[in-house]
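Everything below concerns the one structure shown next.
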Amino acid sequence: MPYRAPVPEITFCLDHVVGYSRVTETERFADATPETVSALLTEAGRICEEVLAPLNRAGDLHPAKLENGVVRTSPGFADGYRAIAEAGFAAITADPAYGGLGLPQTVATAVNEMMGSACLSLELNPLMTQGQIEALEHHASDEIKALYLPKLTSGEWCGTMNLTEPQAGSDVGALKTKAEPNGDGTYAITGQKIYISWGDNDFTENVCHLVLARLPDGKPGTKGISLFLVPKRIPEADGTPGVANSLKVVSLEHKLGLHGSPTCVMQYDGATGWLVGEPHGGIAAMFTMMNNARLGVGVHGLSIAEAATQHALAYAADRVQGRSPIENGTGTILDHADVRRMLTGMKAETFAVRALALDLAVSIDLANATGDRAMAARAAFLTPICKAYGTDTGISVADTGIQVHGGMGFIEETGAAQFYRDGRVAAIYEGTNGIQAMDLTGRKMMDGGAAAFALIDEIEAEAKAAGARGELLAATAAELRAATERMVALDLNDRFAGAVPYQHAFALTLGGLYHLRAALAEGEGSRTRLAQSFMARQMAAVPGLLAEAGLGAADLYALSAEDLVA
Ligand SMILES: Cc1cc2nc3c(=O)[nH]c(=O)nc-3n(C[C@H](O)[C@H](O)[C@H](O)COP(=O)(O)OP(=O)(O)OC[C@H]3O[C@@H](n4cnc5c(N)ncnc54)[C@H](O)[C@@H]3O)c2cc1C
């Protein structure tokens, strides 16, 4: 079933659910008018439907390969990348002074959603470059910016992020890669990085790696880590890619899905690198890229959920089984109550995830454009929720999509299984969803819960203002408030024991808010019916999740490690 870019749905969300007009009202983004955005989204939708979506299956069937040390990408990916680069999709938010489009993150988020639905494995490439551009804009020297940013924004070069090592996954502070000063302002980078997405390709002139490494006087742990820009080819002063740097792709991983994205083991053997940001300030600098990527990976879940839902709806509308239990039905499996339950849930959760991602993006834009600290705190609090709920939903919706297909869901030709396989990693990379939940209930609650309570205030106020239509949401928000009060009173490990269900409950309550806004904007109609279904079914899980969130860790440790392993 061909992918259809949901531009009208995204536009509805921007106009009626997440208040995008507030972004256009700022001086910085005054040019990003609804008309400009609409034209860009329409063109992006066309490219995704016509150029990128046809590559999705080819990427799955013909994974990237390593041949004589060179990565050969999947058939058609070079053309797809060229279309992305020419449209400027790696540089939507980048500074126009360096060739970027200077548009809000909200617009990039909408475009990323469509690219990811069309071909997730290829979209990961421009997503990494978007994050690298932002990190360099914030932390690199003027010389580095002048040399690298025009090449990255044009798409001639692309970017990667290198954190992970065999012994340093979630625990980035355990990394061993070394950086020795060369005495000429550059550094010699030595070490191995694993799982590096798009660590190489055969369609850009250069690949620029942002690498975390430790200087000789760097302390153990995260405080002693610095960030370096390490290009595959060392650029000449005029920007031509020069001699090869001392780095190579050792091997590619064989994966469950996302086959079109080369996941590389990288070896750096005294490779020349340039410091980005302050010595020992690497984690702070890398966080610019990681926060960008956390939103971007949350959107991976949305992309998968949208594509899987479109697929399942098309299949259900065609598949005939059994007698229709309703009058004037379609005669297809769409008429069966359980199939309706699955499809309605897929649509309702996909809507909630889209609204959450765009809401977060609007908060980021407003914080950047106005310097409003409360808005920045709102964005920081929403980031782990978006990453985790987005990706968990992508997986669960794709899983349900397989179920809707029956046996055909297990057969690769339908494409339903590929969505599940491609989307599965999103809950793992860019910080596992467990790590996101710990960030939410740990670091993001170091303010005593202020950011959490501010969001709950917002939900309660809107729910109460909606009268009878908001009653269920108001009651859920009150439960979330009580659970948050309990959560901030717990010690850290007890919080962490309940962090994942708490994060999920918060996301579902926000989903209720977005659905309510959509219903109110519409008056009466299908959005209202979808909102009622989400609140009655998906949001109904919140009390159970919150009960689990408050249990603490005692029962988990009561079962000893020996009990588990025996
Ligand atoms: C396809 C793919 C692409 C990737 N791309 C990149 C990339 O481009 N760049 C890059 O740097 N990395 C990349 N990664 C690496 C990815 O970010 C890591 O796999 C991820 O951070 C988890 O690390 P790990 O695999 O070592 O798991 P581990 O850290 O070993 O985690 C195993 C389990 O333990 C849990 N856990 C670990 N520590 C804690 C803790 N303190 N408290 C509670 N639970 C904990 C985790 O949540 C997880 O469930 C990629 C990975 C994959 C699979």
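Ordered as shown in the structure tokens, chains take letters A, B, and onward, while each chain numbers its residues from 1 and ligands are numbered from 1 in the order shown.
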Contacts to ligand 1 at 8 Å cut-off (only C-alpha atoms and all ligand atoms) as an mmCIF file with C-alpha atoms, in the first residue's frame:
```cif
data_model
loop_
_atom_site.group_PDB
_atom_site.id
_atom_site.type_symbol
_atom_site.label_atom_id
_atom_site.label_comp_id
_atom_site.auth_asym_id
_atom_site.auth_seq_id
_atom_site.Cartn_x
_atom_site.Cartn_y
_atom_site.Cartn_z
ATOM 1 C CA MET A 128 22.079 12.904 12.533
ATOM 2 C CA THR A 160 27.282 11.202 12.834
ATOM 3 C CA MET A 161 27.365 10.939 16.629
ATOM 4 C CA ASN A 162 29.898 8.640 18.331
ATOM 5 C CA LEU A 163 29.239 7.901 21.989
ATOM 6 C CA THR A 164 28.922 4.156 22.408
ATOM 7 C CA GLU A 165 31.807 1.753 23.100
ATOM 8 C CA PRO A 166 31.666 -1.941 24.027
ATOM 9 C CA GLN A 167 31.929 -1.185 27.781
ATOM 10 C CA ALA A 168 30.157 2.206 27.599
ATOM 11 C CA GLY A 169 26.508 1.992 26.517
ATOM 12 C CA SER A 170 24.011 3.625 28.870
ATOM 13 C CA ASP A 171 27.029 4.454 31.030
ATOM 14 C CA LYS A 193 33.139 3.167 18.787
ATOM 15 C CA ILE A 194 30.332 0.701 18.146
ATOM 16 C CA TYR A 195 26.808 0.929 16.697
ATOM 17 C CA ILE A 196 27.533 4.165 14.816
ATOM 18 C CA SER A 197 24.560 4.943 12.578
ATOM 19 C CA TRP A 198 25.561 5.977 9.082
ATOM 20 C CA GLY A 199 29.249 5.786 10.069
ATOM 21 C CA GLU A 253 26.092 -4.940 12.362
ATOM 22 C CA LYS A 255 20.242 -6.216 12.646
ATOM 23 C CA LEU A 258 16.545 -0.844 9.766
ATOM 24 C CA SER A 261 21.031 2.163 7.731
ATOM 25 C CA THR A 263 25.386 0.565 11.750
ATOM 26 C CA VAL A 425 15.368 -0.203 17.934
ATOM 27 C CA ILE A 428 16.768 1.282 22.649
ATOM 28 C CA TYR A 429 18.963 3.863 20.926
ATOM 29 C CA GLU A 430 19.418 7.461 21.941
ATOM 30 C CA GLY A 431 19.154 6.365 25.584
ATOM 31 C CA THR A 432 16.909 3.372 26.303
ATOM 32 C CA ASN A 433 13.373 4.176 27.376
ATOM 33 C CA GLY A 434 14.282 3.059 30.888
ATOM 34 C CA ILE A 435 17.054 5.655 30.943
ATOM 35 C CA MET A 438 15.066 7.809 35.044
ATOM 36 C CA PHE A 496 13.385 4.606 39.360
#
```
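The shell of residues at most 8 Å from segment 62-78 of chain A, with only C-alpha atoms counted and near chain neighbours (fewer than 4 positions) removed, consists of Leu55, Ala58, Arg82, Leu122, Asp200, Asn201, Asp202, Phe203, Lys248, Val249, Val250, Ser251, Leu252, His259, Gly260, Ser261 and Pro262 of chain A.
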* To do: Apply DSSP to the backbone of this structure and, from segment 33-254 of chain A, keep only the residues in strand (DSSP E); write these as a ChimeraX atom specification.
  => /A:65-67,70-72,157-162,178-181,187-197,206-214,225-231,233-235,241-244,247-252
Selected residues written out, C-alpha atoms, as a PDB file, in the first residue's frame:
```pdb
ATOM      1  CA  LYS A  65      27.285  -3.723   2.763  1.00  0.00           C
ATOM      2  CA  LEU A  66      30.945  -3.263   3.605  1.00  0.00           C
ATOM      3  CA  GLU A  67      33.135  -3.941   0.548  1.00  0.00           C
ATOM      4  CA  VAL A  70      33.829   1.008   1.840  1.00  0.00           C
ATOM      5  CA  VAL A  71      30.149   1.095   2.770  1.00  0.00           C
ATOM      6  CA  ARG A  72      27.891   0.415  -0.233  1.00  0.00           C
ATOM      7  CA  TRP A 157      28.804  16.219   3.773  1.00  0.00           C
ATOM      8  CA  CYS A 158      26.839  14.482   6.504  1.00  0.00           C
ATOM      9  CA  GLY A 159      27.263  14.002  10.253  1.00  0.00           C
ATOM     10  CA  THR A 160      27.282  11.202  12.834  1.00  0.00           C
ATOM     11  CA  MET A 161      27.365  10.939  16.629  1.00  0.00           C
ATOM     12  CA  ASN A 162      29.898   8.640  18.331  1.00  0.00           C
ATOM     13  CA  LYS A 178      41.596   8.885  24.106  1.00  0.00           C
ATOM     14  CA  ALA A 179      42.407  12.337  22.747  1.00  0.00           C
ATOM     15  CA  GLU A 180      46.082  13.424  22.831  1.00  0.00           C
ATOM     16  CA  PRO A 181      47.052  17.005  21.925  1.00  0.00           C
ATOM     17  CA  TYR A 187      44.148  16.161  18.732  1.00  0.00           C
ATOM     18  CA  ALA A 188      44.943  12.517  17.976  1.00  0.00           C
ATOM     19  CA  ILE A 189      41.841  10.405  18.616  1.00  0.00           C
ATOM     20  CA  THR A 190      42.315   6.706  19.367  1.00  0.00           C
ATOM     21  CA  GLY A 191      39.676   4.148  20.266  1.00  0.00           C
ATOM     22  CA  GLN A 192      36.766   2.059  19.085  1.00  0.00           C
ATOM     23  CA  LYS A 193      33.139   3.167  18.787  1.00  0.00           C
ATOM     24  CA  ILE A 194      30.332   0.701  18.146  1.00  0.00           C
ATOM     25  CA  TYR A 195      26.808   0.929  16.697  1.00  0.00           C
ATOM     26  CA  ILE A 196      27.533   4.165  14.816  1.00  0.00           C
ATOM     27  CA  SER A 197      24.560   4.943  12.578  1.00  0.00           C
ATOM     28  CA  ASN A 206      32.806  13.548   3.494  1.00  0.00           C
ATOM     29  CA  VAL A 207      31.435  12.136   6.761  1.00  0.00           C
ATOM     30  CA  CYS A 208      31.932  14.252   9.892  1.00  0.00           C
ATOM     31  CA  HIS A 209      32.036  12.365  13.163  1.00  0.00           C
ATOM     32  CA  LEU A 210      31.319  14.022  16.501  1.00  0.00           C
ATOM     33  CA  VAL A 211      33.304  11.818  18.871  1.00  0.00           C
ATOM     34  CA  LEU A 212      33.349  11.747  22.674  1.00  0.00           C
ATOM     35  CA  ALA A 213      36.849  11.079  24.044  1.00  0.00           C
ATOM     36  CA  ARG A 214      38.950  11.729  27.143  1.00  0.00           C
ATOM     37  CA  ILE A 225      34.848  13.765  28.608  1.00  0.00           C
ATOM     38  CA  SER A 226      35.448  16.150  25.699  1.00  0.00           C
ATOM     39  CA  LEU A 227      33.877  16.421  22.249  1.00  0.00           C
ATOM     40  CA  PHE A 228      35.825  16.300  18.975  1.00  0.00           C
ATOM     41  CA  LEU A 229      34.994  16.769  15.343  1.00  0.00           C
ATOM     42  CA  VAL A 230      36.762  14.034  13.380  1.00  0.00           C
ATOM     43  CA  PRO A 231      36.185  14.110   9.603  1.00  0.00           C
ATOM     44  CA  ARG A 233      38.625  13.345   4.999  1.00  0.00           C
ATOM     45  CA  ILE A 234      40.560  16.277   6.423  1.00  0.00           C
ATOM     46  CA  PRO A 235      39.226  19.380   4.663  1.00  0.00           C
ATOM     47  CA  PRO A 241      37.758  17.173   1.206  1.00  0.00           C
ATOM     48  CA  GLY A 242      41.484  16.447   1.516  1.00  0.00           C
ATOM     49  CA  VAL A 243      43.469  13.399   2.603  1.00  0.00           C
ATOM     50  CA  ALA A 244      41.888  10.431   4.326  1.00  0.00           C
ATOM     51  CA  LEU A 247      39.810   6.073  10.823  1.00  0.00           C
ATOM     52  CA  LYS A 248      37.912   3.197   9.295  1.00  0.00           C
ATOM     53  CA  VAL A 249      34.741   1.169   9.403  1.00  0.00           C
ATOM     54  CA  VAL A 250      35.718  -2.228  10.799  1.00  0.00           C
ATOM     55  CA  SER A 251      32.377  -3.969  10.288  1.00  0.00           C
ATOM     56  CA  LEU A 252      28.620  -3.483   9.922  1.00  0.00           C
TER      57      LEU A 252
END
```
* Would you mind listing what lies within 12 Å of Leu510 of chain A as a count of residues only, with only C-alpha atoms counted and same-chain residues fewer than 6 positions away left out? => 39
* Can you tell me, as a list in words, what residues are no more than 12 Å from Gly45 of chain A when counting only C-alpha atoms, ignoring any on the same chain fewer than 6 positions away? -> Tyr3, Arg4, Ala5, Pro6, Val7, Pro8, Glu9, Ile10, Val37, Ser38, Ala39, Val51, Leu52, Ala53, Ile84, Ala87, Phe89, Ala110, Val111, Asn112, Glu113, Met114, Met115, Gly116, Ser117 and Ala118 of chain A
* Kindly give the distance, in Å, that separates atom CA of Met289 of chain A and atom CA of Thr222 of chain A, rounded to a single decimal. =>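 Atom-to-atom, atom CA of Met289 of chain A to atom CA of Thr222 of chain A, that is 16.1 Å.
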* Structure fact -> Nearest to Thr344 of chain A, restricted to only C-alpha atoms and choosing among A:Gln105, A:Thr309, A:Asn493, A:Gln267, comes out as A:Thr309
* Figure out the distance between atom CA of Met342 of chain A and atom CA of Arg469 of chain A, please, to one decimal in Å. =>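 Here the two named atoms are 24.0 Å from each other.
Between atom CA of Ala83 of chain A and atom CA of Ser121 of chain A the separation is 15.2 Å.
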* Selection: 6 Å around Ile395 of chain A, only C-alpha atoms, excl. self and same-chain fewer than 3 positions, as a list in words -> Asp392, Ala398, Tyr420, Gly423 and Arg424 of chain A
Considering only C-alpha atoms, tabulate each residue of segment 65-142 of chain A that lies at most 8 Å from segment 274-277 of chain A along with its nearest interatomic pair and the corresponding distance in Å to one decimal; arrange the rows by chain and ascending residue number and present them as a tab-separated table.
```
residue	atom	partner	partner_atom	distance
A:Leu136	CA	A:Val276	CA	7.3
A:His139	CA	A:Gly277	CA	4.7
A:Ala140	CA	A:Val276	CA	4.9
A:Ser141	CA	A:Val276	CA	7.2
```
Write out, as a PDB file, in the first residue's frame, the residues just selected, with all heavy atoms.
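Below you can see again14.pdb, which holds the result:
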```pdb
ATOM      1  N   LEU A 136      27.268  22.090  16.417  1.00  0.00           N
ATOM      2  CA  LEU A 136      28.379  22.943  15.957  1.00  0.00           C
ATOM      3  C   LEU A 136      27.989  24.420  16.050  1.00  0.00           C
ATOM      4  O   LEU A 136      28.810  25.260  16.444  1.00  0.00           O
ATOM      5  CB  LEU A 136      28.780  22.584  14.517  1.00  0.00           C
ATOM      6  CG  LEU A 136      29.386  21.183  14.319  1.00  0.00           C
ATOM      7  CD1 LEU A 136      29.757  20.957  12.851  1.00  0.00           C
ATOM      8  CD2 LEU A 136      30.605  20.967  15.211  1.00  0.00           C
ATOM      9  N   HIS A 139      28.445  25.250  19.782  1.00  0.00           N
ATOM     10  CA  HIS A 139      29.666  24.999  20.556  1.00  0.00           C
ATOM     11  C   HIS A 139      30.974  25.104  19.784  1.00  0.00           C
ATOM     12  O   HIS A 139      32.032  25.133  20.408  1.00  0.00           O
ATOM     13  CB  HIS A 139      29.595  23.601  21.193  1.00  0.00           C
ATOM     14  CG  HIS A 139      28.380  23.393  22.046  1.00  0.00           C
ATOM     15  ND1 HIS A 139      28.231  23.986  23.280  1.00  0.00           N
ATOM     16  CD2 HIS A 139      27.249  22.687  21.830  1.00  0.00           C
ATOM     17  CE1 HIS A 139      27.050  23.638  23.788  1.00  0.00           C
ATOM     18  NE2 HIS A 139      26.442  22.861  22.927  1.00  0.00           N
ATOM     19  N   ALA A 140      30.944  25.137  18.444  1.00  0.00           N
ATOM     20  CA  ALA A 140      32.203  25.098  17.690  1.00  0.00           C
ATOM     21  C   ALA A 140      32.801  26.493  17.537  1.00  0.00           C
ATOM     22  O   ALA A 140      32.110  27.508  17.677  1.00  0.00           O
ATOM     23  CB  ALA A 140      31.968  24.466  16.315  1.00  0.00           C
ATOM     24  N   SER A 141      34.101  26.526  17.213  1.00  0.00           N
ATOM     25  CA  SER A 141      34.778  27.812  16.963  1.00  0.00           C
ATOM     26  C   SER A 141      34.276  28.391  15.632  1.00  0.00           C
ATOM     27  O   SER A 141      33.700  27.677  14.801  1.00  0.00           O
ATOM     28  CB  SER A 141      36.289  27.565  16.848  1.00  0.00           C
ATOM     29  OG  SER A 141      36.537  26.791  15.693  1.00  0.00           O
TER      30      SER A 141
END
```
* Asked: Which is closest to Gly415 of chain A among A:Thr36, A:Gln310, A:Ser246, A:Gln436, if we use only C-alpha atoms?
  ->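 That would be A:Gln310, the residue with the smallest distance to Gly415 of chain A.
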